[in-house]
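Source file: final.cif. Holds: mmCIF, C-alpha atoms and all ligand atoms.
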data_structure
#
loop_
_atom_site.label_atom_id
_atom_site.label_comp_id
_atom_site.auth_asym_id
_atom_site.auth_seq_id
_atom_site.Cartn_x
_atom_site.Cartn_y
_atom_site.Cartn_z
CA MET A 782 7.57 4.35 -29.82
CA ASN A 783 6.99 6.88 -32.57
CA VAL A 784 4.26 9.49 -32.28
CA THR A 785 3.33 12.37 -34.59
CA CYS A 786 1.41 15.62 -34.16
CA ASN A 787 -1.73 13.67 -35.11
CA ASP A 788 -1.43 11.49 -32.01
CA ARG A 789 -1.36 14.46 -29.68
CA ASP A 790 -5.07 14.84 -28.90
CA ARG A 791 -5.56 11.11 -28.44
CA ILE A 792 -2.64 11.04 -25.98
CA PHE A 793 -4.01 14.10 -24.18
CA GLU A 794 -7.31 12.28 -23.81
CA ASP A 795 -6.19 8.81 -22.82
CA GLY A 796 -2.48 8.25 -23.38
CA THR A 797 -0.41 5.67 -21.57
CA PRO A 798 2.70 6.84 -19.66
CA GLU A 799 4.82 5.47 -22.54
CA GLU A 800 2.82 7.48 -25.08
CA TRP A 801 3.21 10.61 -22.95
CA ALA A 802 6.96 10.05 -22.85
CA ALA A 803 7.02 9.57 -26.61
CA LEU A 804 4.99 12.75 -27.12
CA GLU A 805 7.44 14.67 -24.97
CA ALA A 806 10.32 13.33 -27.01
CA HIS A 807 8.50 14.36 -30.17
CA ALA A 808 7.77 17.82 -28.75
CA SER A 809 11.45 18.47 -28.13
CA GLY A 810 11.78 18.80 -31.89
CA CYS A 811 8.27 20.10 -32.71
CA PRO A 812 7.45 23.67 -31.56
CA ALA A 813 3.70 23.24 -32.17
CA CYS A 814 3.44 20.16 -29.93
CA ALA A 815 5.80 21.72 -27.39
CA GLU A 816 3.46 24.73 -27.17
CA GLU A 817 0.34 22.53 -26.85
CA LEU A 818 1.98 20.39 -24.22
CA ARG A 819 2.97 23.47 -22.24
CA ALA A 820 -0.53 24.94 -22.45
CA TRP A 821 -2.10 21.62 -21.47
CA ARG A 822 0.08 21.38 -18.38
CA THR A 823 -0.46 25.03 -17.53
CA LEU A 824 -4.16 24.24 -17.09
CA SER A 825 -3.36 21.55 -14.53
CA VAL A 826 -1.10 23.97 -12.68
CA ALA A 827 -3.73 26.73 -12.86
CA ALA A 828 -6.28 24.31 -11.40
CA GLN A 829 -4.26 24.34 -8.16
CA GLU A 830 -5.45 27.93 -7.71
CA LEU A 831 -8.92 26.55 -7.09
CA ARG A 832 -7.78 24.41 -4.21
CA ASP A 833 -8.27 25.70 -0.70
CA TYR A 834 -8.29 23.12 2.07
CA SER A 835 -8.16 25.62 4.89
CA GLU A 836 -9.81 24.60 8.14
CA SER A 837 -13.36 25.53 9.06
CA PRO A 838 -12.99 25.18 12.81
CA ALA A 839 -16.68 25.29 13.67
CA LEU A 840 -18.00 23.24 10.78
CA TRP A 841 -17.71 19.76 12.26
CA ALA A 842 -19.33 20.85 15.52
CA ARG A 843 -22.21 22.28 13.51
CA ILE A 844 -22.59 19.12 11.44
CA GLU A 845 -22.37 16.91 14.52
CA ARG A 846 -25.11 18.90 16.23
CA ALA A 847 -27.32 18.63 13.16
CA LEU A 848 -26.69 14.89 12.90
CA VAL A 849 -27.58 14.31 16.54
CA GLU A 850 -30.67 16.49 16.31
CA GLU A 851 -31.93 14.74 13.23
CA SER A 852 -31.01 11.19 14.06
CA PRO A 853 -34.04 9.03 14.84
CA ALA A 854 -31.80 6.72 16.86
CA LYS A 855 -29.84 9.56 18.52
CA PRO A 856 -26.34 8.28 17.76
CA GLN A 857 -23.89 8.09 20.64
CA PRO A 858 -22.09 11.35 21.25
CA VAL A 859 -18.55 10.94 20.02
CA ASN A 860 -16.84 11.07 23.42
CA ARG A 861 -18.99 8.41 25.00
CA ARG A 862 -16.68 5.44 24.97
CA ARG A 863 -13.57 6.68 23.30
CA TRP A 864 -11.39 6.41 26.40
CA PHE A 865 -12.16 2.75 26.69
CA PHE A 866 -10.36 1.88 23.47
CA PHE A 867 -7.05 2.98 24.94
CA LEU A 868 -7.30 0.72 27.96
CA PRO A 869 -6.14 -2.65 26.55
CA SER A 870 -2.76 -1.12 25.67
CA ILE A 871 -2.27 0.47 29.10
CA PRO A 872 -0.53 -1.45 31.92
CA LEU A 873 -2.80 -2.83 34.63
CA GLY A 874 -1.66 -0.36 37.28
CA TRP A 875 -2.55 2.55 35.05
CA GLN A 876 -5.87 0.94 34.18
CA THR A 877 -6.65 0.94 37.88
CA ALA A 878 -5.64 4.57 38.22
CA VAL A 879 -7.65 5.60 35.14
CA ALA A 880 -10.73 3.67 36.21
CA GLY A 881 -10.41 4.97 39.77
CA ALA A 882 -10.15 8.55 38.55
CA PHE A 883 -13.18 7.97 36.37
CA VAL A 884 -15.20 6.67 39.31
CA LEU A 885 -14.18 9.71 41.33
CA VAL A 886 -15.16 12.13 38.55
CA LEU A 887 -18.43 10.30 38.03
CA THR A 888 -19.24 10.33 41.73
CA LEU A 889 -18.53 14.05 41.96
CA SER A 890 -20.55 14.75 38.80
CA ALA A 891 -23.49 12.67 39.98
CA GLY A 892 -23.38 14.47 43.30
CA TRP A 893 -23.20 17.84 41.58
CA ILE A 894 -26.10 17.02 39.25
CA TYR A 895 -28.10 15.79 42.21
CA LEU A 896 -27.40 18.81 44.40
CA HIS A 897 -27.87 21.35 41.59
CA ARG A 898 -30.92 19.79 40.00
CA PRO A 899 -33.49 22.49 39.33
CA ILE A 900 -36.20 22.51 41.97
CA ARG A 901 -38.86 24.64 40.35
CA ASN A 902 -42.32 25.71 41.19
CA VAL A 903 -44.60 23.00 39.84
CA ASP A 904 -47.09 25.52 38.52
CA THR A 905 -44.67 27.54 36.43
CA ASP A 906 -42.37 24.76 35.22
CA LYS A 907 -42.57 24.55 31.45
CA SER A 908 -40.73 21.24 31.46
CA LEU A 909 -43.68 19.42 32.99
CA LEU A 910 -44.89 16.44 31.08
CA LYS A 911 -48.57 16.23 30.20
CA SER A 912 -50.29 13.07 31.37
CA GLY A 913 -50.38 11.44 27.90
CA ALA A 914 -46.71 12.10 27.31
CA LEU A 915 -45.96 10.97 30.84
CA ARG A 916 -47.58 7.59 30.16
CA ASP A 917 -45.42 7.22 27.03
CA VAL A 918 -42.28 8.18 28.93
CA GLU A 919 -43.05 5.71 31.70
CA THR A 920 -43.73 2.89 29.24
CA ALA A 921 -40.51 3.59 27.34
CA GLU A 922 -38.58 3.89 30.58
CA THR A 923 -39.88 0.57 31.85
CA ALA A 924 -38.82 -1.15 28.62
CA TYR A 925 -35.42 0.53 28.78
CA VAL A 926 -34.88 -0.46 32.40
CA GLN A 927 -35.82 -4.05 31.59
CA ALA A 928 -33.31 -4.10 28.73
CA ILE A 929 -30.59 -2.72 31.00
CA ASP A 930 -31.46 -5.29 33.68
CA LYS A 931 -30.95 -8.01 31.09
CA LEU A 932 -27.55 -6.54 30.28
CA ALA A 933 -26.74 -6.37 34.00
CA ALA A 934 -27.64 -10.04 34.42
CA GLU A 935 -25.24 -10.91 31.61
CA ALA A 936 -22.42 -8.90 33.16
CA LYS A 937 -23.14 -10.05 36.72
CA PRO A 938 -20.81 -13.10 36.94
CA GLU A 939 -17.94 -11.08 35.54
CA LEU A 940 -18.54 -8.22 37.96
CA GLU A 941 -18.94 -10.44 41.00
CA ASN A 942 -15.64 -12.18 40.31
CA SER A 943 -13.98 -8.83 39.48
CA SER A 944 -10.81 -10.59 38.33
CA THR A 945 -8.96 -7.37 37.40
CA PRO A 946 -8.72 -3.95 39.02
CA LEU A 947 -10.48 -2.57 35.97
CA LEU A 948 -13.51 -4.78 36.53
CA ALA A 949 -13.47 -3.96 40.23
CA ASN A 950 -13.65 -0.30 39.33
CA TYR A 951 -16.48 -0.92 36.88
CA HIS A 952 -18.27 -2.68 39.72
CA GLU A 953 -17.82 0.35 41.93
CA LYS A 954 -18.90 2.71 39.20
CA LEU A 955 -22.09 0.68 38.70
CA LEU A 956 -22.83 0.77 42.42
CA VAL A 957 -22.49 4.56 42.37
CA LEU A 958 -24.73 4.76 39.31
CA ASP A 959 -27.34 2.50 40.91
CA SER A 960 -27.47 4.64 43.99
CA ALA A 961 -27.78 7.84 41.90
CA ILE A 962 -30.53 6.18 39.86
CA ALA A 963 -32.36 5.14 43.02
CA ASP A 964 -32.24 8.73 44.32
CA LEU A 965 -33.44 10.19 41.06
CA ARG A 966 -36.23 7.64 40.79
CA GLU A 967 -37.36 8.58 44.24
CA GLN A 968 -37.42 12.25 43.18
CA ALA A 969 -39.25 11.37 39.97
CA GLY A 970 -41.73 9.31 41.97
CA MET A 971 -42.60 12.37 44.03
CA ASN A 972 -42.80 14.59 40.98
CA PRO A 973 -43.56 12.27 38.05
CA SER A 974 -44.20 14.98 35.46
CA ASN A 975 -40.85 16.79 35.85
CA ALA A 976 -39.11 16.33 32.50
CA GLN A 977 -35.77 17.60 33.88
CA LEU A 978 -35.67 14.75 36.38
CA ARG A 979 -36.54 12.29 33.62
CA TYR A 980 -33.65 13.54 31.50
CA GLN A 981 -31.24 13.19 34.40
CA LEU A 982 -32.53 9.72 35.05
CA LEU A 983 -32.18 8.83 31.39
CA ALA A 984 -28.58 10.09 31.39
CA MET A 985 -27.82 7.86 34.38
CA TYR A 986 -29.44 4.86 32.70
CA ARG A 987 -27.43 5.53 29.55
CA GLU A 988 -24.23 5.69 31.57
CA LYS A 989 -25.14 2.41 33.21
CA GLN A 990 -25.92 0.83 29.87
CA HIS A 991 -22.57 1.89 28.41
CA THR A 992 -20.67 0.78 31.49
CA LEU A 993 -22.29 -2.65 31.27
CA GLU A 994 -21.48 -2.84 27.57
CA GLU A 995 -17.90 -2.02 28.39
CA VAL A 996 -17.78 -4.75 31.01
CA LEU A 997 -19.03 -7.23 28.44
CA GLU A 998 -16.55 -6.00 25.86
CA ALA A 999 -13.72 -6.29 28.39
CA LYS A 1000 -14.84 -9.86 29.06
CA GLN A 1001 -14.55 -10.72 25.37
CA GLN A 1002 -10.99 -9.39 25.10
CA MET B 110 -12.18 17.56 17.25
CA GLY B 111 -10.87 14.97 19.55
CA THR B 112 -10.40 11.95 17.33
CA MET B 113 -7.93 13.53 14.92
CA GLY B 114 -5.00 11.65 16.34
CA LEU B 115 -6.85 8.45 17.13
CA ALA B 116 -5.92 5.32 15.22
CA LEU B 117 -9.40 4.11 14.33
CA PRO B 118 -9.73 0.91 12.33
CA TRP B 119 -10.85 2.62 9.17
CA GLU B 120 -8.88 4.87 6.85
CA ALA B 121 -10.93 5.40 3.70
CA ARG B 122 -8.41 6.61 1.20
CA ILE B 123 -10.17 7.10 -2.03
CA SER B 124 -7.15 8.32 -3.93
CA SER B 125 -4.64 5.84 -2.66
CA ALA B 126 -3.87 4.24 -6.02
CA PRO B 127 -1.34 5.99 -8.24
CA ARG B 128 -2.73 8.35 -10.83
CA GLU B 129 -2.68 7.47 -14.49
CA ARG B 130 -0.06 10.04 -15.37
CA GLY B 131 3.17 10.55 -13.54
CA THR B 132 3.46 14.09 -14.88
CA ARG B 133 0.60 15.47 -12.78
CA VAL B 134 0.97 17.03 -9.39
CA GLU B 135 -0.60 14.69 -6.85
CA PRO B 136 -2.85 16.99 -4.89
CA PHE B 137 -3.96 14.74 -2.09
CA GLN B 138 -0.88 13.40 -0.45
CA HIS B 139 -1.83 14.84 2.90
CA PHE B 140 -5.11 12.98 2.83
CA SER B 141 -3.71 9.65 1.74
CA GLY B 142 -0.91 9.72 4.25
CA GLY B 143 2.10 8.82 2.13
CA THR B 144 2.22 5.07 1.71
CA SER B 145 -0.22 3.46 -0.69
CA PRO B 146 -2.10 0.61 0.93
CA ALA B 147 -3.32 -2.27 -1.17
CA ALA B 148 -6.56 -1.57 -3.00
CA GLY B 149 -8.20 -4.33 -0.98
CA ASP B 150 -7.40 -2.54 2.26
CA ALA B 151 -8.97 0.66 0.96
CA THR B 152 -12.08 -1.31 -0.01
CA ASP B 153 -12.26 -2.90 3.43
CA GLU B 154 -11.82 0.47 5.09
CA ASP B 155 -14.50 1.98 2.90
CA ALA B 156 -16.86 -0.86 3.84
CA THR B 157 -16.00 -0.46 7.52
CA LEU B 158 -16.73 3.25 7.36
CA ALA B 159 -20.05 2.57 5.61
CA ALA B 160 -21.04 -0.06 8.18
CA ALA B 161 -20.13 2.21 11.08
CA CYS B 162 -22.19 5.06 9.60
CA GLN B 163 -25.06 2.62 9.10
CA SER B 164 -24.88 1.67 12.77
CA GLY B 165 -25.33 5.35 13.67
CA ASP B 166 -21.85 5.73 15.12
CA LEU B 167 -21.06 9.44 15.14
CA ARG B 168 -17.33 8.67 15.22
CA ALA B 169 -17.67 7.23 11.73
CA TYR B 170 -19.21 10.46 10.47
CA GLU B 171 -16.46 12.38 12.17
CA ARG B 172 -13.90 10.13 10.52
CA LEU B 173 -15.51 10.76 7.14
CA TYR B 174 -15.31 14.47 7.87
CA VAL B 175 -11.67 14.28 8.94
CA LEU B 176 -10.75 12.40 5.79
CA HIS B 177 -12.88 14.25 3.29
CA GLY B 178 -14.42 17.35 4.86
CA ALA B 179 -11.90 19.81 3.47
CA ARG B 180 -12.07 18.33 0.00
CA MET B 181 -15.87 18.20 0.12
CA LYS B 182 -15.95 21.85 1.11
CA ASN B 183 -13.60 22.77 -1.70
CA VAL B 184 -15.70 20.90 -4.28
CA ALA B 185 -18.78 22.69 -2.99
CA ARG B 186 -17.09 26.08 -3.00
CA ASN B 187 -15.99 25.65 -6.56
CA LEU B 188 -19.49 24.65 -7.60
CA LEU B 189 -21.33 27.26 -5.53
CA GLY B 190 -18.79 30.07 -5.47
CA SER B 191 -19.24 30.93 -1.82
CA PRO B 192 -17.53 29.47 1.26
CA MET B 193 -20.69 29.87 3.33
CA ASP B 194 -22.87 28.11 0.78
CA ALA B 195 -20.18 25.44 0.59
CA GLU B 196 -20.33 24.81 4.34
CA ASP B 197 -24.12 24.58 4.18
CA ALA B 198 -23.83 22.10 1.32
CA VAL B 199 -21.36 19.94 3.25
CA GLN B 200 -23.67 19.94 6.27
CA ASP B 201 -26.67 19.03 4.09
CA THR B 202 -24.61 16.27 2.54
CA PHE B 203 -23.84 14.74 5.94
CA LEU B 204 -27.52 14.88 6.86
CA LYS B 205 -28.47 13.22 3.57
CA ILE B 206 -25.83 10.55 4.18
CA GLN B 207 -27.36 9.89 7.59
CA ARG B 208 -30.86 9.72 6.13
CA GLY B 209 -29.88 7.50 3.24
CA VAL B 210 -27.06 5.36 4.61
CA ALA B 211 -29.43 2.52 5.51
CA SER B 212 -30.21 2.12 1.83
CA PHE B 213 -26.53 2.16 0.79
CA ARG B 214 -25.85 -1.31 -0.58
CA GLY B 215 -22.26 -0.95 -1.73
CA GLN B 216 -22.98 -0.61 -5.44
CA SER B 217 -20.17 1.95 -5.50
CA SER B 218 -17.59 2.82 -2.88
CA PHE B 219 -19.09 4.57 0.13
CA VAL B 220 -16.89 7.62 -0.31
CA THR B 221 -17.79 7.85 -4.01
CA TRP B 222 -21.43 7.70 -2.96
CA THR B 223 -20.95 10.55 -0.50
CA TYR B 224 -19.38 12.75 -3.18
CA ARG B 225 -22.27 11.94 -5.51
CA ILE B 226 -24.63 13.21 -2.81
CA LEU B 227 -22.45 16.29 -2.33
CA ILE B 228 -22.44 17.18 -6.03
CA ASN B 229 -26.20 16.72 -6.30
CA THR B 230 -26.66 18.79 -3.16
CA CYS B 231 -24.60 21.59 -4.71
CA TYR B 232 -26.67 21.60 -7.87
CA ASP B 233 -29.88 21.55 -5.83
CA ALA B 234 -28.55 24.54 -3.90
CA ARG B 235 -27.71 26.34 -7.13
CA ARG B 236 -31.17 25.70 -8.49
CA SER B 237 -32.89 26.87 -5.35
CA ARG B 238 -30.67 29.94 -5.24
CA LEU B 239 -31.71 30.65 -8.80
CA ARG B 240 -35.34 30.23 -7.92
CA LYS B 241 -34.96 32.66 -5.08
CA LYS B 242 -33.34 35.06 -7.54
CA GLU B 243 -30.39 35.42 -5.24
CA ILE B 244 -28.08 35.65 -8.17
CA ALA B 245 -28.32 39.25 -9.24
CA ASN B 246 -26.81 40.61 -12.44
CA ASP B 247 -25.86 37.21 -13.67
CA ASP B 248 -26.75 36.85 -17.32
CA SER B 249 -26.19 33.12 -17.60
CA GLY B 250 -27.80 32.45 -14.26
CA GLU B 251 -25.44 29.49 -13.87
CA THR B 252 -22.22 31.26 -13.05
CA PRO B 253 -20.88 30.74 -9.55
CA ARG B 254 -20.07 33.89 -7.63
CA PRO B 255 -16.40 33.89 -6.87
CA GLU B 256 -15.64 35.05 -3.35
CA LEU B 257 -12.63 35.01 -1.07
CA ARG B 258 -10.27 32.10 -1.58
CA ALA B 259 -7.10 30.78 -0.13
CA PRO B 260 -4.59 33.41 0.81
CA GLY B 261 -1.73 33.26 -1.63
CA ALA B 262 -3.82 32.15 -4.56
CA HIS B 263 -3.10 34.09 -7.75
CA PRO B 264 -6.24 36.25 -8.01
CA SER B 265 -6.24 37.04 -11.72
CA LEU B 266 -5.44 33.52 -12.86
CA ARG B 267 -8.00 32.12 -10.44
CA MET B 268 -10.70 34.52 -11.54
CA ALA B 269 -9.99 33.92 -15.20
CA LEU B 270 -10.19 30.20 -14.63
CA GLU B 271 -13.43 30.55 -12.65
CA ARG B 272 -14.98 32.60 -15.42
CA ALA B 273 -13.89 30.11 -18.03
CA LEU B 274 -15.15 27.18 -15.93
CA ALA B 275 -18.55 28.84 -15.65
CA ALA B 276 -18.79 28.77 -19.42
CA LEU B 277 -18.29 25.00 -19.61
CA THR B 278 -21.09 22.46 -19.56
CA ARG B 279 -22.00 21.10 -16.14
CA HIS B 280 -20.30 17.78 -16.80
CA GLN B 281 -17.14 19.37 -18.16
CA ARG B 282 -16.91 21.60 -15.12
CA ASP B 283 -17.55 18.73 -12.71
CA VAL B 284 -14.98 16.46 -14.30
CA PHE B 285 -12.35 19.21 -14.53
CA LEU B 286 -12.83 20.16 -10.87
CA LEU B 287 -12.85 16.59 -9.62
CA TYR B 288 -9.83 15.52 -11.67
CA GLU B 289 -7.59 18.54 -11.89
CA VAL B 290 -8.45 20.33 -8.68
CA GLU B 291 -9.40 17.52 -6.31
CA GLY B 292 -7.17 14.82 -7.71
CA PHE B 293 -9.73 12.04 -8.13
CA ARG B 294 -9.10 9.28 -10.65
CA HIS B 295 -11.36 8.77 -13.63
CA ALA B 296 -12.74 5.54 -12.14
CA GLU B 297 -13.79 7.47 -9.04
CA ILE B 298 -15.25 10.36 -11.03
CA ALA B 299 -17.19 7.88 -13.15
CA GLY B 300 -18.79 6.53 -9.97
CA MET B 301 -19.59 10.00 -8.64
CA LEU B 302 -21.16 11.30 -11.83
CA GLU B 303 -22.66 7.98 -12.91
CA ILE B 304 -20.87 8.00 -16.26
CA THR B 305 -18.32 5.62 -17.78
CA GLU B 306 -14.62 6.00 -17.23
CA THR B 307 -14.17 6.63 -20.95
CA ALA B 308 -16.79 9.37 -20.80
CA SER B 309 -14.93 10.93 -17.87
CA LYS B 310 -11.67 10.96 -19.84
CA ASN B 311 -13.36 12.36 -22.93
CA THR B 312 -15.21 15.01 -20.93
CA LEU B 313 -11.97 16.11 -19.27
CA PHE B 314 -10.32 16.37 -22.68
CA GLN B 315 -13.19 18.51 -24.02
CA ALA B 316 -13.16 20.64 -20.88
CA LYS B 317 -9.44 21.33 -21.15
CA LYS B 318 -9.68 22.00 -24.86
CA ASN B 319 -12.41 24.57 -24.23
CA LEU B 320 -10.56 26.13 -21.33
CA ARG B 321 -7.42 26.34 -23.42
CA GLN B 322 -9.37 28.16 -26.13
CA MET B 323 -10.88 30.59 -23.62
CA LEU B 324 -7.79 31.26 -21.54
CA GLU B 325 -5.03 31.03 -24.07
CA PRO B 326 -6.02 30.73 -27.73
CA PRO B 327 -3.38 28.86 -29.74
CA ARG B 328 -0.99 31.39 -31.25
CA SER B 329 -0.79 29.75 -34.65
CA SER B 330 -1.50 26.44 -36.22
CA GLY B 331 0.99 26.86 -39.05
CA ALA B 332 3.61 24.51 -37.71
CA GLU B 333 1.17 21.63 -37.30
CA ALA B 334 1.00 18.15 -38.76
CA ARG B 335 4.37 16.57 -39.00
ZN ZN C 1 4.15 17.74 -33.29
#
Can you dump the structure from the file as structure tokens?
Ligand SMILES: [Zn+2]
Amino acid sequence: MNVTCNDRDRIFEDGTPEEWAALEAHASGCPACAEELRAWRTLSVAAQELRDYSESPALWARIERALVEESPAKPQPVNRRRWFFFLPSIPLGWQTAVAGAFVLVLTLSAGWIYLHRPIRNVDTDKSLLKSGALRDVETAETAYVQAIDKLAAEAKPELENSSTPLLANYHEKLLVLDSAIADLREQAGMNPSNAQLRYQLLAMYREKQHTLEEVLEAKQQ
Amino acid sequence: MGTMGLALPWEARISSAPRERGTRVEPFQHFSGGTSPAAGDATDEDATLAAACQSGDLRAYERLYVLHGARMKNVARNLLGSPMDAEDAVQDTFLKIQRGVASFRGQSSFVTWTYRILINTCYDARRSRLRKKEIANDDSGETPRPELRAPGAHPSLRMALERALAALTRHQRDVFLLYEVEGFRHAEIAGMLEITETASKNTLFQAKKNLRQMLEPPRSSGAEAR
């Protein structure tokens, strides 16, 4: 391929690799094109000076917080079910150990939350729900509980058979959750406008929901 | 960030295809992970990432950040001139993605769409900064304020380039930054800036011609035209 000085700009703009090679060959005997080629490439090299991909350690955490705060659907926090995805590749014995450890941690956490729940003076507690809001919360809670019950009904046969140690541990975990939920509901029943208790209850329901989802996912695999 | 090492099903690699010219330095090898997957795989991964973001899965947003956060921040810093403004712009971009992802219909690639949002966010930020008269002693009013950059960068060359870039048109600056600094292909840039691929190539050519004039005027044109 033969190129001349007149082809230079066109090749700079949209040349094929062959045309670039031909221009380089031409430039080896043409000082003007050699100089232009050098200057053109120098710009690309200089552009590297504007590249800084250094880490911003706190940026993702900040973005994640903003996403969660703004999300109408409150997306699942990232850690929620991540551990579960490892399980299919882990031998059964380890699955048992992992699930057992999880149940233990959950039991301890539930106990801790229960024992350390804030018992505040009803009159000064700013987290009290006003009666209108309380009605809304109760309505939403009822709907949520019904939805979880549906999920539980779907997972029931699988859990009752508990064909693997993993499922047996899920079963145990759900029993622990149900008992924690029952306790919290009792507390909430005595003090229906305590928002703190409602949040704790909601967290327990969420955990139950996700555990049931995991049971159903495990069933599909 | 816990999922860094996790093998999630998606790997949106926007710059996985080879660049047009073998002579250029490929700037994004560490993002594309070495081997070039088939274009179809990249498309599938892009669609998977979009669908996961649409479902509200925070892991998908985190994945997008892991794959593109650093590059997004660099684009924003080069457009806004300040690392702090750049971080704000990246955060705003993620929020806008979350707000708008339901309406994303796959007209372009998801990642291209996110960069389009980022670039618009940066220009919105520049405009609002102008309105607030935060840019003092800036005669053009459009020039980014260069601040601290990567350690090791050549300060005088960088500053000269930044000054010259500020004198380009918005499109010339965008295309130069996206192509030469960030390593995007013209097809990708076309999608981000909503122009044709030919326009992207032509704009890059004009940008480089102008930069060449500003940074290093041709010494003579006597030996031309063989
Ligand atoms: Zn020549």
### Task
Return the neighbours of chain B among the residues of chain A, cut-off 9 Å, counting all atoms listed in the file, as a PyMOL selection string.
chain A and resi 785-787+790+793-798+801+811-814+816-817+820-822+824-838+840-845+847-849+851-852+854-860+863
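Between CA of Ala924 in chain A and CA of Lys937 in chain A the separation is 19.8 Å.
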### Query
Which one of B:Val220, B:Ala316, B:Leu274, B:Arg236 sits closest to Ile298 in chain B if you count all atoms listed in the file?
B:Val220
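Here CA of His295 in chain B stands at a distance of 20.6 Å from CA of Leu818 in chain A.
Of the residues listed (A:Ala934, A:Ala921, A:Leu958, A:Ala803), A:Ala803 shows the shortest atom-to-atom separation from ligand ZN 1 (chain C); distances use only C-alpha atoms and all ligand atoms.
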